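Listing of final-v3.txt, compact mmCIF, C-alpha atoms
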# COMPACT_ATOMS: atom_id res chain seq x y z
CA MET A 132 20.65 86.16 62.07
CA GLU A 133 24.11 86.26 63.67
CA SER A 134 23.97 85.96 67.45
CA TRP A 135 25.36 89.42 68.13
CA LYS A 136 22.76 91.02 65.88
CA GLN A 137 20.07 89.05 67.65
CA ALA A 138 21.40 90.23 71.01
CA VAL A 139 21.51 93.86 69.85
CA ALA A 140 17.98 93.64 68.46
CA GLU A 141 16.57 92.10 71.63
CA LEU A 142 18.35 94.52 73.91
CA ALA A 143 17.53 97.62 71.87
CA THR A 144 13.89 96.67 71.45
CA GLY A 145 13.21 95.31 74.90
CA ARG A 146 15.48 97.36 77.12
CA GLY A 147 16.27 100.47 75.07
CA ILE A 148 14.08 102.74 77.17
CA ALA A 149 15.46 101.37 80.45
CA LEU A 150 18.99 101.97 79.24
CA LYS A 151 18.12 105.46 78.14
CA ARG A 152 16.59 106.26 81.53
CA HIS A 153 19.78 105.11 83.19
CA ALA A 154 21.78 107.27 80.80
CA LEU A 155 19.59 110.30 81.47
CA LEU A 156 20.32 110.09 85.18
CA LEU A 157 24.02 109.86 84.43
CA CYS A 158 24.36 112.73 82.01
CA GLY A 159 21.22 114.78 82.68
CA ASP A 160 20.37 115.50 79.06
CA ASP A 161 18.03 113.58 76.81
CA SER A 162 20.01 113.82 73.60
CA ARG A 163 23.31 113.09 75.32
CA ALA A 164 21.63 110.10 76.94
CA GLU A 165 20.65 108.88 73.48
CA ASP A 166 24.26 109.20 72.31
CA LEU A 167 25.57 107.53 75.44
CA VAL A 168 23.37 104.48 74.98
CA GLN A 169 24.27 104.14 71.31
CA GLU A 170 27.98 104.46 71.93
CA ALA A 171 27.77 101.89 74.72
CA PHE A 172 26.04 99.47 72.35
CA VAL A 173 28.69 100.02 69.72
CA ARG A 174 31.55 99.55 72.17
CA ALA A 175 29.95 96.45 73.66
CA PHE A 176 29.46 94.66 70.38
CA SER A 177 32.19 96.00 68.10
CA ARG A 178 34.87 93.58 69.29
CA PRO A 179 34.02 90.16 67.90
CA LEU A 180 36.25 88.34 70.34
CA HIS A 181 35.00 90.28 73.32
CA ALA A 182 31.26 90.40 72.81
CA PRO A 183 29.13 90.12 75.94
CA ARG A 184 27.94 86.70 76.97
CA PRO A 185 24.30 85.87 76.33
CA GLY A 186 22.26 87.04 79.31
CA ALA A 187 24.93 89.47 80.44
CA ALA A 188 24.59 91.94 77.59
CA GLU A 189 22.44 94.48 79.41
CA ALA A 190 24.68 94.59 82.47
CA TYR A 191 27.70 94.88 80.17
CA VAL A 192 26.18 97.79 78.25
CA ARG A 193 25.27 99.53 81.51
CA VAL A 194 28.81 99.22 82.84
CA ILE A 195 30.20 100.59 79.58
CA MET A 196 27.73 103.46 79.76
CA VAL A 197 28.86 104.38 83.28
CA ASN A 198 32.51 104.25 82.32
CA LEU A 199 31.94 106.23 79.13
CA TYR A 200 30.16 108.87 81.16
CA VAL A 201 32.92 109.04 83.77
CA ASP A 202 35.64 109.14 81.11
CA GLU A 203 33.89 111.85 79.16
CA ALA A 204 33.32 113.88 82.29
CA ARG A 205 36.97 113.51 83.20
CA ARG A 206 38.01 114.82 79.80
CA HIS A 207 35.74 117.80 80.25
CA SER A 208 36.46 118.25 83.91
CA ARG A 209 37.01 121.98 83.67
CA TRP A 210 33.62 122.48 82.13
CA ALA A 211 32.06 120.08 84.58
CA ARG A 212 33.39 122.14 87.47
CA ILE A 213 31.69 125.30 86.34
CA ALA A 214 28.58 123.80 84.75
CA PRO A 215 26.63 123.62 88.02
CA LEU A 216 27.35 127.29 88.59
CA LEU A 217 25.95 128.17 85.20
CA ALA A 218 22.94 125.86 85.39
CA THR A 219 19.66 127.68 85.64
CA PRO A 220 16.84 126.00 87.50
CA ARG A 221 14.42 125.22 84.72
CA ALA A 222 11.80 124.32 87.29
CA ALA A 223 11.18 127.98 87.96
CA ALA A 224 10.02 128.46 84.41
CA ASP A 225 8.02 125.27 84.25
CA PRO A 226 4.69 125.05 86.04
CA ALA A 227 4.39 121.26 86.12
CA ASP A 228 5.28 119.82 89.50
CA GLN A 229 6.65 116.67 87.96
CA VAL A 230 8.97 118.60 85.71
CA ALA A 231 10.07 120.73 88.64
CA SER A 232 10.84 117.65 90.63
CA ARG A 233 12.80 116.19 87.74
CA ASP A 234 14.78 119.35 87.29
CA ALA A 235 15.49 119.55 91.00
CA MET A 236 16.84 116.03 90.92
CA LEU A 237 18.93 116.66 87.80
CA THR A 238 20.29 119.83 89.35
CA ALA A 239 21.10 117.95 92.54
CA LEU A 240 22.84 115.24 90.54
CA SER A 241 24.74 117.76 88.46
CA GLY A 242 26.37 119.13 91.60
CA LEU A 243 28.09 115.81 92.21
CA SER A 244 31.38 114.66 90.79
CA PRO A 245 31.02 112.17 87.91
CA ARG A 246 31.99 109.23 90.08
CA GLN A 247 29.73 110.32 92.93
CA ARG A 248 26.90 110.65 90.46
CA ALA A 249 27.59 107.25 88.95
CA CYS A 250 27.62 105.72 92.43
CA VAL A 251 24.30 107.33 93.35
CA VAL A 252 22.65 106.16 90.13
CA LEU A 253 24.01 102.64 90.41
CA ARG A 254 23.15 102.34 94.10
CA TYR A 255 19.77 104.00 94.33
CA TYR A 256 18.40 103.64 90.82
CA GLU A 257 19.93 100.36 89.69
CA ASP A 258 19.96 98.92 93.24
CA LEU A 259 23.43 97.48 92.76
CA PRO A 260 25.31 96.39 95.87
CA VAL A 261 28.41 98.37 96.78
CA ALA A 262 30.71 95.52 95.73
CA GLU A 263 29.34 95.51 92.19
CA ILE A 264 29.52 99.27 91.92
CA ALA A 265 33.15 99.11 92.98
CA LYS A 266 33.83 96.47 90.34
CA ALA A 267 32.06 98.45 87.63
CA LEU A 268 33.97 101.64 88.40
CA GLY A 269 37.26 99.94 89.14
CA VAL A 270 37.57 101.39 92.64
CA ALA A 271 37.62 99.97 96.15
CA GLU A 272 34.38 99.33 98.01
CA GLY A 273 35.41 101.83 100.64
CA THR A 274 35.75 104.46 97.95
CA VAL A 275 32.21 103.81 96.76
CA LYS A 276 30.94 104.14 100.33
CA ARG A 277 32.82 107.40 100.67
CA TYR A 278 31.39 108.73 97.41
CA LEU A 279 27.90 107.84 98.57
CA SER A 280 28.32 109.33 102.02
CA GLU A 281 29.64 112.54 100.49
CA ALA A 282 26.99 112.68 97.79
CA LEU A 283 23.86 112.19 99.88
CA PRO A 284 24.16 115.28 102.10
CA GLN A 285 24.95 117.41 99.05
CA MET A 286 21.90 116.09 97.26
CA ALA A 287 19.74 116.51 100.34
CA ALA A 288 20.75 120.15 100.64
CA ARG A 289 20.10 120.87 96.98
CA LEU A 290 16.77 119.04 96.91
CA SER A 291 15.68 120.73 100.08
CA ALA A 292 16.57 124.14 98.69
CA ALA A 293 14.74 123.36 95.46
CA ASP A 294 11.68 122.12 97.35
CA ARG A 295 11.61 125.28 99.45
CA GLY A 296 12.06 127.53 96.44
CA MET B 286 21.08 117.30 106.35
CA THR B 287 19.95 113.85 105.29
CA ILE B 288 17.74 112.34 102.66
CA ASP B 289 15.48 109.35 102.99
CA GLU B 290 16.78 106.58 100.75
CA GLN B 291 13.32 105.46 99.78
CA GLU B 292 12.41 108.97 98.75
CA LEU B 293 15.65 109.26 96.81
CA ARG B 294 14.89 106.06 94.91
CA GLN B 295 11.40 107.28 94.11
CA ARG B 296 12.60 110.66 92.88
CA LEU B 297 15.29 109.09 90.76
CA GLU B 298 12.65 106.82 89.26
CA GLU B 299 10.42 109.78 88.48
CA THR B 300 13.28 111.70 86.93
CA ALA B 301 14.42 108.76 84.83
CA ALA B 302 10.88 108.24 83.61
CA GLN B 303 11.06 111.61 81.88
CA ALA B 304 13.49 110.23 79.30
CA SER B 305 11.93 110.27 75.88
CA ALA B 306 11.57 107.07 73.90
CA PRO B 307 14.82 106.06 72.21
CA ARG B 308 15.11 107.37 68.68
CA PHE B 309 17.67 104.74 67.69
CA THR B 310 16.55 101.42 66.30
CA ALA B 311 18.14 98.02 66.35
CA VAL B 312 18.87 98.43 62.64
CA ASP B 313 20.72 101.72 63.31
CA LEU B 314 22.77 100.09 66.04
CA VAL B 315 23.67 97.06 63.95
CA ARG B 316 24.76 99.39 61.17
CA GLN B 317 26.94 101.44 63.54
CA ILE B 318 28.45 98.34 65.10
CA ARG B 319 29.21 96.83 61.72
CA ARG B 320 30.86 100.08 60.64
CA ARG B 321 33.00 100.12 63.79
CA ARG B 322 33.92 96.47 63.30
CA THR B 323 35.01 97.24 59.77
CA ARG B 324 37.09 100.12 61.00
CA VAL B 325 38.70 97.94 63.63
CA THR B 326 39.74 95.20 61.26
CA GLY B 327 39.73 97.15 58.06
CA ALA B 328 42.39 97.93 55.61
CA VAL B 329 44.81 100.77 56.01
CA ALA B 330 45.19 102.87 52.90
CA GLY B 331 47.40 105.81 52.16
CA ALA B 332 50.86 106.94 52.91
CA ALA B 333 54.01 105.02 53.45
CA VAL B 334 55.12 103.50 56.69
CA ALA B 335 56.96 105.85 58.99
CA ALA B 336 60.63 105.06 58.85
CA THR B 337 60.95 105.91 62.49
CA ALA B 338 59.25 102.78 63.76
CA ILE B 339 61.58 101.11 66.18
CA ALA B 340 62.56 97.57 65.42
CA VAL B 341 62.62 95.59 68.61
CA ALA B 342 62.55 92.09 67.26
CA VAL B 343 63.68 90.22 64.21
CA PRO B 344 62.18 87.00 62.90
CA ALA B 345 63.93 84.11 64.54
CA ALA B 346 63.57 81.56 61.80
CA LEU B 347 62.56 81.42 58.22
CA ASN B 348 61.34 78.65 56.03
CA GLY B 349 59.45 78.74 52.79
CA THR B 350 56.08 77.06 53.12
CA GLY B 351 53.93 79.66 51.47
CA GLN B 352 50.22 79.57 50.77
CA PRO B 353 48.89 79.29 47.21
CA ALA B 354 49.08 82.45 45.20
CA ILE B 355 45.84 84.39 44.92
CA SER B 356 45.79 87.58 42.97
CA ARG B 357 42.77 89.61 43.94
CA PRO B 358 41.92 93.22 44.73
CA MET B 359 42.88 94.64 48.12
CA ALA B 360 39.48 94.15 49.73
CA VAL B 361 39.63 90.36 49.42
CA ARG B 362 43.37 89.87 49.62
CA PRO B 363 44.15 86.96 51.96
CA PRO B 364 45.78 88.36 55.06
CA PRO B 365 48.87 86.87 56.60
CA SER B 366 47.88 83.83 58.62
CA TYR B 367 48.92 83.36 62.21
CA SER B 368 49.38 80.50 64.59
CA ILE B 369 50.22 81.11 68.19
CA THR B 370 51.66 79.28 71.16
CA VAL B 371 51.58 80.91 74.59
CA ASN B 372 53.58 79.26 77.36
CA GLY B 373 53.53 76.00 75.44
CA GLN B 374 49.80 76.00 74.63
CA THR B 375 48.97 76.15 70.95
CA GLN B 376 45.52 77.32 69.91
CA ALA B 377 43.79 77.87 66.62
CA PHE B 378 43.27 81.43 65.45
CA PRO B 379 41.53 83.39 66.92
CA ALA B 380 42.93 82.21 70.23
CA ARG B 381 41.78 82.88 73.79
CA TYR B 382 44.10 82.44 76.72
CA VAL B 383 43.49 82.75 80.42
CA ILE B 384 46.25 84.72 82.11
CA THR B 385 46.94 85.97 85.61
CA PRO B 386 48.17 89.45 86.53
CA GLY B 387 51.96 89.52 86.61
CA GLU B 388 52.28 86.30 84.60
CA LYS B 389 55.26 86.06 82.27
CA LEU B 390 54.18 84.95 78.83
CA THR B 391 56.43 83.47 76.21
CA ILE B 392 54.66 83.80 72.91
CA ILE B 393 55.74 82.02 69.77
CA LEU B 394 54.00 83.51 66.79
CA ASP B 395 54.17 81.98 63.34
CA VAL B 396 53.22 84.40 60.61
CA THR B 397 52.66 83.02 57.13
CA VAL B 398 52.80 85.51 54.30
CA PRO B 399 50.92 84.34 51.20
CA ALA B 400 52.96 83.31 48.19
CA HIS B 401 53.89 86.10 45.78
CA LYS B 402 53.16 88.68 48.46
CA SER B 403 55.31 90.45 50.96
CA LEU B 404 54.82 92.71 53.92
CA ARG B 405 56.50 96.05 53.98
CA ALA B 406 56.05 96.25 57.72
CA LEU B 407 54.62 94.16 60.50
CA TRP B 408 54.04 95.11 64.11
CA VAL B 409 52.93 92.75 66.84
CA GLY B 410 51.98 94.02 70.25
CA ILE B 411 49.46 94.36 73.02
CA THR B 412 46.27 96.35 72.62
CA ASN B 413 43.63 97.23 75.15
CA GLY B 414 40.36 96.82 73.34
CA LEU B 415 40.96 99.34 70.63
CA LEU B 416 42.45 98.73 67.24
CA SER B 417 42.96 101.74 65.06
CA PRO B 418 45.03 101.14 61.99
CA ARG B 419 46.86 104.28 61.02
CA LEU B 420 48.97 105.26 58.14
CA ASP B 421 52.07 105.67 60.22
CA GLY B 422 51.98 102.51 62.28
CA PRO B 423 50.08 101.10 65.22
CA ALA B 424 48.37 103.76 67.27
CA ASN B 425 47.04 101.81 70.20
CA MET B 426 49.64 99.10 70.62
CA SER B 427 51.53 99.23 73.87
CA PRO B 428 53.96 97.69 74.21
CA ILE B 429 55.04 96.81 70.70
CA LEU B 430 56.58 93.38 71.10
CA ALA B 431 57.91 93.01 67.57
CA ALA B 432 58.40 95.39 64.70
CA HIS B 433 59.71 94.27 61.35
CA THR B 434 60.01 97.45 59.34
CA ARG B 435 63.45 97.62 57.78
CA THR B 436 63.20 94.95 55.14
CA PRO B 437 60.15 93.38 53.51
CA LEU B 438 58.85 90.17 55.01
CA GLY B 439 58.66 87.75 52.09
CA PRO B 440 56.29 84.90 51.39
CA GLY B 441 56.45 81.90 53.65
CA ALA B 442 56.50 81.28 57.38
CA HIS B 443 58.26 83.54 59.84
CA GLN B 444 58.56 82.85 63.51
CA PHE B 445 58.66 85.50 66.21
CA ARG B 446 59.49 84.72 69.81
CA LEU B 447 57.98 87.35 72.09
CA HIS B 448 57.93 87.97 75.80
CA TRP B 449 55.35 89.93 77.73
CA VAL B 450 54.54 90.27 81.40
CA ALA B 451 50.85 90.83 82.10
CA PRO B 452 50.47 94.01 84.18
CA GLY B 453 50.14 93.26 87.86
CA GLY B 454 47.26 95.70 88.11
CA MET B 455 44.98 93.94 85.63
CA ARG B 456 41.60 93.50 87.26
CA ALA B 457 39.50 90.37 87.18
CA GLY B 458 37.36 90.23 84.10
CA THR B 459 39.59 92.47 82.02
CA SER B 460 41.62 91.49 79.03
CA ARG B 461 44.32 92.54 76.61
CA GLN B 462 44.78 91.44 73.06
CA LEU B 463 47.80 90.28 71.14
CA SER B 464 47.33 92.13 67.88
CA ALA B 465 49.17 92.41 64.61
CA GLU B 466 49.22 95.27 62.17
CA TRP B 467 50.73 94.96 58.75
CA ILE B 468 51.36 96.97 55.61
CA TRP B 469 51.54 95.15 52.29
CA SER B 470 54.49 95.76 50.06
CA ASP B 471 52.59 96.51 46.92
CA PRO B 472 53.48 99.44 44.69
CA ALA B 473 49.96 99.42 43.26
CA GLU B 474 48.41 100.04 46.66
CA PRO B 475 50.91 101.85 48.84
CA GLY B 476 50.01 101.76 52.49
CA ALA B 477 47.36 99.05 52.15
CA GLY B 478 47.28 96.74 55.12
CA GLY B 479 45.21 95.76 58.09
CA GLU B 480 45.07 94.94 61.76
CA TRP B 481 43.82 91.84 63.51
CA ILE B 482 43.43 90.55 67.01
CA ILE B 483 45.41 87.32 67.09
CA ALA B 484 44.66 86.27 70.64
CA GLU B 485 42.53 87.45 73.51
CA LEU B 486 44.35 87.34 76.86
CA ASN B 487 41.76 87.25 79.62
CA VAL B 488 42.00 87.58 83.37
CA PRO B 489 38.96 85.59 84.51
CA GLY B 490 36.71 86.54 87.34
CA ALA B 491 34.11 89.20 86.59
CA SER B 492 30.84 88.56 84.87
CA GLY B 493 30.18 90.29 81.61
CA THR B 494 33.44 92.18 81.45

Let me see whether you can do it: turn the structure in this file into structure tokens.
Amino acid sequence: MESWKQAVAELATGRGIALKRHALLLCGDDSRAEDLVQEAFVRAFSRPLHAPRPGAAEAYVRVIMVNLYVDEARRHSRWARIAPLLATPRAAADPADQVASRDAMLTALSGLSPRQRACVVLRYYEDLPVAEIAKALGVAEGTVKRYLSEALPQMAARLSAADRG
Amino acid sequence: MTIDEQELRQRLEETAAQASAPRFTAVDLVRQIRRRRTRVTGAVAGAAVAATAIAVAVPAALNGTGQPAISRPMAVRPPPSYSITVNGQTQAFPARYVITPGEKLTIILDVTVPAHKSLRALWVGITNGLLSPRLDGPANMSPILAAHTRTPLGPGAHQFRLHWVAPGGMRAGTSRQLSAEWIWSDPAEPGAGGEWIIAELNVPGASGT
């Protein structure tokens, strides 16, 4: 089997669910997360001269996923601005605490800008240091810190409101 | 209002865990990737070359060492062959060069058109990861360093001398590609051609990018 096919097979089989979880936090929707992961795979491996190095494939796919998400969100920025206003808290209709908690978190994330959201996911879910987040997003470290410091109070307010309600 | 980072991590974990199992399989992904690879390097078919393409370079030298004639259908037609020298370093195709942001590159590109064939048009330029052959010329090539579109490029070797300055803002770990797009001059298959990455120009530094 060609090496790139082997890498795709190993990554998809062994880390597919982890990548999809990451994607879900980024885009907030299960089927979009599925598309995001697949497109990231295709982008990562479709250039024969620029395929990820062995051992770095997962990190490469994750970075592509983040940038795809940010780019897509930028293209649909108008919709993204009003989407949080239109979002209905599904937790209210769902009795399961776990689902309510998930929806509260997704609602809190959806109130952030795409880059803020990417920073939160990379920092607090992926545990990446600020320097690596900055490199992945192509921004300065100070910008990442600013995004995080702006995002956390917003999330805290939304989560607190959801927990009270 | 603040949020405890530990709690945030835990809640993100719980939320992420709600993702359903992936529906894609490795076989699906390989199929999609192969399709995209084919599209990237595949043949262009269809309409004629746009006459508005701007010629910015003309072959500097000609001599007639053509490859053996092979007459086959379009799908297996031998493409033009390329050899490349960047700032005095010659590499075999496909080439990889390490560059630095702001570096001035002098590129000498030898294009060999197979015997008994000719190119109706040839563009050489810089791409940024995306090749998309189109019927009316290169879509994602910026800048175009050479365009030979006014007269057919006959069989044999043709040399192009190109200059490009790597953008000063290129980040570590990023790359550009020197790519060529061509249209065969073949009345039986108007518009048939292809696009290839000739050389990868990498700014070293970041892992995995």

CA of His401 (chain B) to CA of Pro440 (chain B), straight-line distance in Å: 6.2 Å

Identify every residue of chain A that has at least one atom within 6 Å of any atom of chain B, counting only C-alpha atoms, and report the result as number ranges by chain. A: 140, 143, 148, 152, 173, 177, 183, 187, 191, 233, 255-256, 284, 287

Counting all atoms listed in the file, which residues have an atom no more than 6 Å from (23.5, 110.5, 89.8) in the file's coordinates? Please list them as a list in words. Leu156, Leu157, Leu240, Arg248, Ala249, Val251 and Val252 of chain A

Given 3 Å on each side, where is the centre and what are the edge lengths in Å to one decimal of the axis-aligned box enclosing the listed atoms of region 156-169 of chain A, as AutoDock Vina command-line options?
--center_x 21.8 --center_y 109.8 --center_z 78.2 --size_x 13.5 --size_y 17.4 --size_z 19.9

Between A:Ala292, A:Ala262, A:Cys158, A:Val139, single out the one closest to Phe176 (chain A), counting all atoms listed in the file. A:Val139

Write out as a PyMOL selection string which residues come within 9 Å of Ala154 (chain A) when counting only C-alpha atoms, dropping same-chain ones fewer than 2 positions away. (chain A and resi 149-152+156-161+163-165+167-168+193+196-197+200) or (chain B and resi 301+304)
